[in-house]
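Text of structure_22.txt (compact mmCIF, C-alpha atoms (C1' of nucleotides)) as supplied:
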# COMPACT_ATOMS: atom_id res chain seq x y z
CA MET A 1 -58.17 -0.45 -32.04
CA THR A 2 -56.25 2.04 -30.05
CA LYS A 3 -53.20 -0.07 -29.53
CA SER A 4 -51.31 -1.96 -32.15
CA LYS A 5 -48.56 -4.38 -32.97
CA PRO A 6 -45.47 -4.56 -30.81
CA THR A 7 -46.19 -7.19 -28.26
CA ALA A 8 -43.23 -6.24 -26.23
CA LYS A 9 -43.39 -9.04 -23.77
CA THR A 10 -39.86 -9.04 -25.03
CA GLY A 11 -36.89 -7.04 -23.91
CA VAL A 12 -36.71 -4.07 -21.59
CA LYS A 13 -38.37 -5.49 -18.50
CA LYS A 14 -36.72 -6.06 -15.20
CA ILE A 15 -33.60 -4.14 -16.04
CA SER A 16 -33.74 -2.04 -12.97
CA THR A 17 -35.80 -3.80 -10.37
CA ASN A 18 -33.23 -3.42 -7.65
CA ARG A 19 -32.81 0.25 -8.19
CA HIS A 20 -36.44 1.09 -7.65
CA VAL A 21 -36.75 -1.20 -4.73
CA ARG A 22 -33.73 0.58 -3.39
CA THR A 23 -35.24 3.98 -4.06
CA ARG A 24 -38.27 3.07 -2.02
CA ARG A 25 -36.12 1.76 0.81
CA ASP A 26 -34.05 4.93 0.72
CA HIS A 27 -37.13 7.02 1.16
CA ALA A 28 -38.22 5.01 4.13
CA THR A 29 -34.87 5.62 5.83
CA GLU A 30 -34.49 9.21 4.80
CA LEU A 31 -36.85 10.77 7.27
CA ALA A 32 -35.45 8.64 10.06
CA GLU A 33 -31.95 9.82 9.26
CA ASP A 34 -33.01 13.43 9.05
CA TYR A 35 -34.77 13.16 12.37
CA VAL A 36 -32.01 11.49 14.35
CA GLU A 37 -29.55 13.93 12.85
CA ALA A 38 -31.69 16.86 13.94
CA ILE A 39 -32.31 15.36 17.36
CA ASP A 40 -28.62 14.80 17.86
CA GLU A 41 -27.83 18.38 16.89
CA LEU A 42 -30.53 19.76 19.16
CA LEU A 43 -29.29 17.67 22.05
CA GLN A 44 -25.80 19.03 21.59
CA ALA A 45 -26.98 22.59 21.18
CA GLN A 46 -29.43 22.78 24.03
CA GLU A 47 -29.33 19.59 26.08
CA ILE A 48 -32.92 18.78 25.36
CA CYS A 49 -34.93 17.99 22.30
CA ARG A 50 -38.62 18.59 22.31
CA VAL A 51 -41.35 17.87 19.81
CA THR A 52 -41.75 21.58 19.29
CA ASP A 53 -38.12 22.01 18.34
CA LEU A 54 -38.42 19.33 15.70
CA ALA A 55 -41.66 20.78 14.41
CA ALA A 56 -39.94 24.13 13.94
CA ARG A 57 -36.89 22.50 12.41
CA PHE A 58 -38.80 20.57 9.81
CA ALA A 59 -41.54 23.12 9.36
CA VAL A 60 -44.31 20.65 10.06
CA SER A 61 -46.99 20.51 12.73
CA HIS A 62 -46.25 19.05 16.14
CA VAL A 63 -48.74 16.34 15.35
CA THR A 64 -46.69 15.15 12.43
CA VAL A 65 -43.59 15.16 14.58
CA ASN A 66 -45.44 13.22 17.21
CA ARG A 67 -46.28 10.40 14.90
CA THR A 68 -42.93 10.37 13.23
CA VAL A 69 -41.26 10.17 16.61
CA ALA A 70 -43.61 7.32 17.49
CA ARG A 71 -42.35 5.47 14.45
CA LEU A 72 -38.76 6.21 15.37
CA LYS A 73 -39.48 4.85 18.81
CA ARG A 74 -41.11 1.77 17.38
CA ASP A 75 -38.04 1.24 15.22
CA GLY A 76 -35.64 1.64 18.10
CA TRP A 77 -34.03 4.97 17.25
CA VAL A 78 -35.38 7.09 20.09
CA THR A 79 -37.00 6.90 23.49
CA THR A 80 -39.68 9.16 24.92
CA GLN A 81 -42.00 9.47 27.88
CA PRO A 82 -45.45 11.05 27.72
CA TYR A 83 -45.03 14.81 27.76
CA GLY A 84 -41.31 14.29 27.96
CA PRO A 85 -38.45 15.16 25.65
CA VAL A 86 -37.05 12.99 22.87
CA GLU A 87 -33.88 11.05 23.48
CA LEU A 88 -31.71 8.93 21.22
CA THR A 89 -31.01 5.28 21.77
CA GLU A 90 -27.50 4.06 21.24
CA ALA A 91 -28.51 2.94 17.77
CA GLY A 92 -30.06 6.34 17.17
CA ARG A 93 -26.88 8.09 18.18
CA MET A 94 -24.85 5.91 15.88
CA LEU A 95 -27.19 6.51 12.97
CA ALA A 96 -27.08 10.24 13.64
CA ARG A 97 -23.31 10.31 13.63
CA ALA A 98 -23.09 8.25 10.49
CA SER A 99 -25.63 10.47 8.77
CA ARG A 100 -23.85 13.59 9.78
CA GLN A 101 -20.55 12.24 8.55
CA ARG A 102 -22.08 11.41 5.23
CA HIS A 103 -23.58 14.85 5.07
CA GLU A 104 -20.24 16.48 5.83
CA ILE A 105 -18.45 14.56 3.15
CA VAL A 106 -21.04 15.36 0.51
CA LEU A 107 -21.09 18.99 1.54
CA ARG A 108 -17.33 19.43 1.44
CA PHE A 109 -17.24 17.60 -1.83
CA LEU A 110 -19.72 19.98 -3.40
CA ILE A 111 -17.87 22.96 -2.06
CA THR A 112 -14.61 21.61 -3.44
CA LEU A 113 -16.39 21.21 -6.75
CA GLY A 114 -17.00 24.92 -6.66
CA ILE A 115 -20.63 25.05 -5.61
CA ARG A 116 -21.67 28.04 -3.52
CA GLU A 117 -22.10 27.13 0.11
CA GLN A 118 -25.80 27.79 0.26
CA THR A 119 -26.57 25.66 -2.75
CA ALA A 120 -24.12 23.04 -1.58
CA ASN A 121 -25.98 22.75 1.69
CA ILE A 122 -29.33 22.31 0.03
CA ASP A 123 -28.03 19.79 -2.49
CA ALA A 124 -26.13 17.87 0.16
CA GLU A 125 -29.34 17.36 2.08
CA GLY A 126 -30.94 15.86 -0.95
CA ILE A 127 -27.98 13.81 -2.08
CA GLU A 128 -26.64 12.40 1.16
CA HIS A 129 -29.28 9.73 1.41
CA HIS A 130 -28.55 8.36 -2.02
CA VAL A 131 -24.80 7.90 -2.25
CA SER A 132 -23.24 4.49 -1.98
CA GLU A 133 -20.19 3.82 0.14
CA GLU A 134 -18.14 3.63 -3.01
CA THR A 135 -19.19 7.08 -4.17
CA LEU A 136 -18.77 8.46 -0.69
CA ARG A 137 -15.18 7.27 -0.58
CA ALA A 138 -14.53 8.77 -3.99
CA MET A 139 -15.92 12.08 -2.77
CA GLN A 140 -13.69 11.90 0.27
CA ARG A 141 -10.62 11.28 -1.88
CA PHE A 142 -11.58 14.14 -4.15
CA VAL A 143 -11.87 16.52 -1.24
CA GLU A 144 -8.39 15.51 -0.14
CA LYS A 145 -6.78 15.94 -3.54
CA PRO A 146 -9.12 17.65 -5.98
CA GLY A 147 -6.66 17.64 -8.86
CA LYS A 148 -6.47 13.86 -8.55
CA MET B 1 -39.95 16.25 36.37
CA THR B 2 -38.60 14.44 33.41
CA LYS B 3 -37.55 17.50 31.54
CA SER B 4 -35.47 20.34 32.88
CA LYS B 5 -34.06 23.78 32.32
CA PRO B 6 -33.10 24.92 28.85
CA THR B 7 -36.11 26.70 27.55
CA ALA B 8 -34.78 26.73 24.07
CA LYS B 9 -37.52 28.75 22.56
CA THR B 10 -34.37 30.49 21.54
CA GLY B 11 -32.04 29.77 18.66
CA VAL B 12 -31.98 26.82 16.34
CA LYS B 13 -35.48 26.95 14.92
CA LYS B 14 -36.38 27.73 11.39
CA ILE B 15 -32.87 27.40 10.08
CA SER B 16 -33.80 25.04 7.36
CA THR B 17 -37.46 25.38 6.64
CA ASN B 18 -37.01 25.73 2.93
CA ARG B 19 -34.86 22.70 2.65
CA HIS B 20 -37.38 20.33 4.13
CA VAL B 21 -40.22 21.84 2.24
CA ARG B 22 -38.06 21.33 -0.81
CA THR B 23 -37.32 17.75 0.13
CA ARG B 24 -41.01 16.99 0.26
CA ARG B 25 -41.62 18.68 -3.06
CA ASP B 26 -38.76 16.75 -4.59
CA HIS B 27 -40.30 13.48 -3.54
CA ALA B 28 -43.57 14.43 -5.10
CA THR B 29 -41.85 15.09 -8.43
CA GLU B 30 -39.48 12.18 -8.28
CA LEU B 31 -41.90 9.44 -9.19
CA ALA B 32 -43.37 11.56 -11.96
CA GLU B 33 -39.93 12.07 -13.43
CA ASP B 34 -39.05 8.41 -13.14
CA TYR B 35 -42.28 7.46 -14.84
CA VAL B 36 -42.12 9.85 -17.76
CA GLU B 37 -38.50 8.89 -18.27
CA ALA B 38 -39.41 5.23 -18.34
CA ILE B 39 -42.39 5.83 -20.58
CA ASP B 40 -40.28 7.82 -22.99
CA GLU B 41 -37.67 5.08 -23.13
CA LEU B 42 -40.27 2.40 -23.66
CA LEU B 43 -41.90 4.40 -26.42
CA GLN B 44 -38.59 4.71 -28.19
CA ALA B 45 -37.69 1.07 -27.70
CA GLN B 46 -40.96 -0.52 -28.67
CA GLU B 47 -43.38 2.12 -29.95
CA ILE B 48 -45.87 1.42 -27.24
CA CYS B 49 -45.93 1.70 -23.49
CA ARG B 50 -48.31 -0.41 -21.51
CA VAL B 51 -49.14 -0.57 -17.86
CA THR B 52 -47.57 -3.98 -17.71
CA ASP B 53 -44.26 -2.70 -19.03
CA LEU B 54 -44.13 -0.06 -16.34
CA ALA B 55 -45.10 -2.56 -13.66
CA ALA B 56 -42.18 -4.76 -14.70
CA ARG B 57 -39.85 -1.81 -14.95
CA PHE B 58 -40.59 -0.52 -11.48
CA ALA B 59 -41.19 -3.90 -9.93
CA VAL B 60 -44.60 -2.95 -8.60
CA SER B 61 -48.07 -4.33 -9.27
CA HIS B 62 -50.05 -3.20 -12.27
CA VAL B 63 -52.54 -1.71 -9.83
CA THR B 64 -49.96 0.64 -8.45
CA VAL B 65 -48.95 1.66 -11.95
CA ASN B 66 -52.56 2.23 -12.80
CA ARG B 67 -53.09 4.73 -10.07
CA THR B 68 -49.76 6.40 -10.57
CA VAL B 69 -50.54 6.83 -14.23
CA ALA B 70 -53.92 8.27 -13.26
CA ARG B 71 -52.09 10.90 -11.21
CA LEU B 72 -49.73 11.60 -14.08
CA LYS B 73 -52.74 12.04 -16.30
CA ARG B 74 -54.41 14.33 -13.81
CA ASP B 75 -51.21 16.39 -13.68
CA GLY B 76 -50.95 16.63 -17.42
CA TRP B 77 -47.92 14.45 -18.11
CA VAL B 78 -49.60 11.58 -19.94
CA THR B 79 -52.74 10.61 -21.76
CA THR B 80 -54.50 7.26 -21.74
CA GLN B 81 -57.69 5.60 -22.86
CA PRO B 82 -59.40 2.75 -21.02
CA TYR B 83 -57.52 -0.44 -21.81
CA GLY B 84 -55.22 1.58 -24.01
CA PRO B 85 -51.50 2.31 -23.85
CA VAL B 86 -49.86 5.21 -22.08
CA GLU B 87 -48.74 8.21 -24.09
CA LEU B 88 -46.84 11.32 -23.17
CA THR B 89 -48.18 14.81 -23.51
CA GLU B 90 -45.89 17.47 -24.90
CA ALA B 91 -45.13 18.51 -21.33
CA GLY B 92 -44.47 14.90 -20.43
CA ARG B 93 -42.03 14.52 -23.29
CA MET B 94 -40.21 17.64 -22.26
CA LEU B 95 -40.00 16.52 -18.67
CA ALA B 96 -38.73 13.13 -19.80
CA ARG B 97 -35.99 14.63 -21.92
CA ALA B 98 -34.92 17.02 -19.19
CA SER B 99 -34.84 14.19 -16.66
CA ARG B 100 -32.85 11.98 -18.93
CA GLN B 101 -30.36 14.74 -19.60
CA ARG B 102 -29.92 15.30 -15.92
CA HIS B 103 -29.48 11.60 -15.42
CA GLU B 104 -26.83 11.41 -18.14
CA ILE B 105 -24.84 14.25 -16.69
CA VAL B 106 -24.88 12.82 -13.18
CA LEU B 107 -23.99 9.39 -14.51
CA ARG B 108 -21.07 10.57 -16.58
CA PHE B 109 -19.93 12.69 -13.72
CA LEU B 110 -19.83 9.74 -11.36
CA ILE B 111 -18.02 7.63 -13.89
CA THR B 112 -15.47 10.38 -14.41
CA LEU B 113 -15.08 10.46 -10.66
CA GLY B 114 -14.02 6.85 -10.89
CA ILE B 115 -17.16 5.09 -9.74
CA ARG B 116 -17.81 1.69 -11.27
CA GLU B 117 -20.52 1.83 -13.87
CA GLN B 118 -22.99 -0.32 -12.00
CA THR B 119 -22.74 1.69 -8.83
CA ALA B 120 -22.74 4.91 -10.80
CA ASN B 121 -26.01 3.95 -12.38
CA ILE B 122 -27.67 3.21 -9.10
CA ASP B 123 -26.38 6.34 -7.42
CA ALA B 124 -27.28 8.51 -10.40
CA GLU B 125 -30.88 7.37 -10.09
CA GLY B 126 -30.94 8.47 -6.49
CA ILE B 127 -29.04 11.69 -6.96
CA GLU B 128 -30.49 13.08 -10.18
CA HIS B 129 -33.64 14.36 -8.54
CA HIS B 130 -31.76 16.35 -5.95
CA VAL B 131 -29.15 18.34 -7.80
CA SER B 132 -29.59 22.04 -8.45
CA GLU B 133 -28.88 23.61 -11.79
CA GLU B 134 -25.72 25.05 -10.34
CA THR B 135 -24.39 21.66 -9.28
CA LEU B 136 -25.46 20.12 -12.55
CA ARG B 137 -23.46 22.68 -14.48
CA ALA B 138 -20.45 22.05 -12.27
CA MET B 139 -20.74 18.32 -12.94
CA GLN B 140 -20.92 19.01 -16.64
CA ARG B 141 -17.78 21.13 -16.51
CA PHE B 142 -16.02 18.46 -14.51
CA VAL B 143 -16.84 15.80 -17.05
CA GLU B 144 -15.38 18.01 -19.75
CA LYS B 145 -12.14 18.72 -17.91
CA PRO B 146 -11.72 16.53 -14.85
CA GLY B 147 -8.35 17.96 -13.85
CA LYS B 148 -10.01 21.37 -13.66
C1' DG C 1 -64.81 -17.08 -34.29
C1' DA C 2 -64.58 -18.60 -29.87
C1' DA C 3 -61.66 -20.05 -25.66
C1' DG C 4 -58.03 -19.20 -22.96
C1' DA C 5 -54.37 -16.02 -21.87
C1' DA C 6 -52.92 -11.51 -21.07
C1' DA C 7 -53.81 -6.91 -19.94
C1' DT C 8 -56.40 -3.61 -17.64
C1' DG C 9 -59.73 -1.95 -14.28
C1' DT C 10 -62.02 -1.78 -9.49
C1' DA C 11 -62.80 -2.63 -4.55
C1' DG C 12 -60.90 -2.49 -0.47
C1' DC C 13 -57.00 -2.70 2.73
C1' DA C 14 -52.35 -1.01 4.72
C1' DT C 15 -48.59 2.37 5.94
C1' DA C 16 -46.24 6.85 5.77
C1' DG C 17 -46.61 11.43 6.36
C1' DG C 18 -49.25 15.69 6.01
C1' DC C 19 -53.18 18.61 8.34
C1' DT C 20 -56.90 21.02 11.85
C1' DA C 21 -59.48 20.98 15.95
C1' DC C 22 -59.81 19.96 20.44
C1' DA C 23 -58.18 17.78 25.08
C1' DT C 24 -54.75 17.31 28.48
C1' DT C 25 -50.53 18.20 30.93
C1' DT C 26 -46.53 21.08 32.13
C1' DT C 27 -44.28 25.31 32.61
C1' DT C 28 -44.16 30.12 33.59
C1' DG C 29 -44.81 34.38 35.70
C1' DA C 30 -47.44 37.94 38.19
C1' DT D 1 -50.13 29.83 44.17
C1' DC D 2 -52.67 29.57 40.54
C1' DA D 3 -54.15 31.18 35.93
C1' DA D 4 -52.55 31.70 31.44
C1' DA D 5 -49.41 30.08 28.05
C1' DA D 6 -46.87 26.54 26.03
C1' DA D 7 -46.18 21.87 25.01
C1' DT D 8 -47.90 17.50 24.16
C1' DG D 9 -51.47 14.11 23.09
C1' DT D 10 -55.73 12.34 20.46
C1' DA D 11 -59.41 12.08 16.97
C1' DG D 12 -60.26 12.18 12.54
C1' DC D 13 -59.41 13.58 7.82
C1' DC D 14 -56.41 13.79 3.40
C1' DT D 15 -53.05 12.16 -0.35
C1' DA D 16 -49.46 9.17 -2.13
C1' DT D 17 -47.90 4.55 -2.76
C1' DG D 18 -47.93 -0.07 -1.92
C1' DC D 19 -50.77 -4.65 -1.96
C1' DT D 20 -54.37 -8.84 -3.02
C1' DA D 21 -58.52 -10.47 -4.90
C1' DC D 22 -61.72 -10.33 -8.23
C1' DA D 23 -64.09 -8.32 -12.64
C1' DT D 24 -63.77 -6.90 -17.25
C1' DT D 25 -61.73 -6.19 -21.69
C1' DT D 26 -58.55 -7.19 -25.33
C1' DC D 27 -55.40 -10.22 -27.75
C1' DT D 28 -53.88 -14.66 -29.50
C1' DT D 29 -54.26 -18.80 -31.31
C1' DC D 30 -56.25 -22.87 -32.78
Could the structure of this file be written out as structure tokens, please?
Amino acid sequence: MTKSKPTAKTGVKKISTNRHVRTRRDHATELAEDYVEAIDELLQAQEICRVTDLAARFAVSHVTVNRTVARLKRDGWVTTQPYGPVELTEAGRMLARASRQRHEIVLRFLITLGIREQTANIDAEGIEHHVSEETLRAMQRFVEKPGK
Amino acid sequence: MTKSKPTAKTGVKKISTNRHVRTRRDHATELAEDYVEAIDELLQAQEICRVTDLAARFAVSHVTVNRTVARLKRDGWVTTQPYGPVELTEAGRMLARASRQRHEIVLRFLITLGIREQTANIDAEGIEHHVSEETLRAMQRFVEKPGK
DNA sequence: GAAGAAATGTAGCATAGGCTACATTTTTGA
DNA sequence: TCAAAAATGTAGCCTATGCTACATTTCTTC
């Protein structure tokens, strides 16, 4: 009695399967990218990257970092020893560099667009994980010649 | 023995607390926005929105939709009755409209940037949840006069 | 108006990513 | 050197989001 006519087994469906699947995949990678990026920066800034540093960086407990790092290790991005610091694998380093590059491009793009630096930084963090190569290249071109 | 000198209780830390806290909050809202947007569209297209429609739309099982909808209900975005269709609350409708507007702006912006429509659509879905009001306004302006 | 199909609901499981409390190991400093 | 502090690890709990398998309700159709 509550519901009524339109059967709607028609139309609409399936339009955007890939996009949501992609969204979920993106989310799975996002943390990994953020972590390797942070680890890479910490390693450059202070030679060593500890769980505590990451906990402070991401404003989460060391326990959370611990388990995230365990996943990163499982997935081949980092190496660790018990009670030891976190290091990047070759793959981890490459991912970190790629992520940072993407971040830089998005950031400079936003700044070129006229966004204030602080906002640009925040937005870039959110956006960088969701731009395709095509869009990234367009952003790059725009930064080079904004007037087109 | 594994680790060495740099104490590093100095520097670095805390730089970006807010941003990661924000990232986590964003993720919490993202699904809600995607759902109310989809529900709103379905309601306009076919008068009724059922769990099955959403399952097809997001390419997940109806069970997943069920529990997500339960959360949306708990949070005041939708209403449902057992075995009945999904409806939006006033708040849900407003959120849907706002989300769609944001989506439109990002999409048109990307297209103006020269991104192919298909890619633009995918990227817009990823980006729309992460742009600040400031950036959104800049995108809007850009769409209006691309050459600046 | 019932039988079969479709939709919805429930139980129970998994993973990711949070947490606190407590245990262990390493580092530091008097 | 050795005790306290800091860092790391472990146990166990939570929520969000996925799933399959099975139960129930509603819709369709003959």
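Distances from B:Thr89, B:Thr64, B:Thr135, B:Thr29 to chain A were compared using all atoms listed in the file, and the smallest one belongs to B:Thr135.
Atom CA of A:Glu104 lies 13.8 Å from atom CA of A:Gln118.
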How close does each residue of chain C get to chain A, giving the shortest atom pair and distance in Å to one decimal for every residue with an atom at most 8 Å away, counting all atoms listed in the file, sorted by chain and residue number, as JSON lines?
{"residue": "C:DG17", "atom": "C1'", "partner": "A:Thr64", "partner_atom": "CA", "distance": 7.1}
{"residue": "C:DG18", "atom": "C1'", "partner": "A:Thr64", "partner_atom": "CA", "distance": 6.9}
{"residue": "C:DC19", "atom": "C1'", "partner": "A:Ser61", "partner_atom": "CA", "distance": 7.8}
{"residue": "C:DT25", "atom": "C1'", "partner": "A:Tyr83", "partner_atom": "CA", "distance": 7.2}
{"residue": "C:DT26", "atom": "C1'", "partner": "A:Tyr83", "partner_atom": "CA", "distance": 7.8}
What does the file look like for those residues with C-alpha atoms (C1' of nucleotides), as an mmCIF file, in the frame of the given file?
data_model
loop_
_atom_site.group_PDB
_atom_site.id
_atom_site.type_symbol
_atom_site.label_atom_id
_atom_site.label_comp_id
_atom_site.auth_asym_id
_atom_site.auth_seq_id
_atom_site.Cartn_x
_atom_site.Cartn_y
_atom_site.Cartn_z
ATOM 1 C "C1'" DG C 17 -46.610 11.430 6.360
ATOM 2 C "C1'" DG C 18 -49.250 15.690 6.010
ATOM 3 C "C1'" DC C 19 -53.180 18.610 8.340
ATOM 4 C "C1'" DT C 25 -50.530 18.200 30.930
ATOM 5 C "C1'" DT C 26 -46.530 21.080 32.130
#
Would you mind listing what lies within 10 Å of stretch 96-101 of chain B as a compact mmCIF listing (two decimals) with C-alpha atoms, in the frame of the given file, with all atoms listed in the file counted and same-chain residues fewer than 2 positions away left out?
# COMPACT_ATOMS: atom_id res chain seq x y z
CA GLU B 30 -39.48 12.18 -8.28
CA ALA B 32 -43.37 11.56 -11.96
CA GLU B 33 -39.93 12.07 -13.43
CA ASP B 34 -39.05 8.41 -13.14
CA TYR B 35 -42.28 7.46 -14.84
CA VAL B 36 -42.12 9.85 -17.76
CA GLU B 37 -38.50 8.89 -18.27
CA ALA B 38 -39.41 5.23 -18.34
CA ILE B 39 -42.39 5.83 -20.58
CA ASP B 40 -40.28 7.82 -22.99
CA GLU B 41 -37.67 5.08 -23.13
CA TRP B 77 -47.92 14.45 -18.11
CA LEU B 88 -46.84 11.32 -23.17
CA GLU B 90 -45.89 17.47 -24.90
CA ALA B 91 -45.13 18.51 -21.33
CA GLY B 92 -44.47 14.90 -20.43
CA ARG B 93 -42.03 14.52 -23.29
CA MET B 94 -40.21 17.64 -22.26
CA HIS B 103 -29.48 11.60 -15.42
CA GLU B 104 -26.83 11.41 -18.14
CA ILE B 105 -24.84 14.25 -16.69
CA VAL B 106 -24.88 12.82 -13.18
CA LEU B 107 -23.99 9.39 -14.51
CA GLU B 128 -30.49 13.08 -10.18
CA HIS B 129 -33.64 14.36 -8.54
Cut-off 9 Å: closest chain D/chain A atom pairs per residue, using all atoms listed in the file, as a Markdown table:
| residue | atom | partner | partner_atom | distance |
| --- | --- | --- | --- | --- |
| D:DA7 | C1' | A:Thr52 | CA | 7.2 |
| D:DT8 | C1' | A:Tyr83 | CA | 5.3 |
| D:DG9 | C1' | A:Tyr83 | CA | 8.0 |
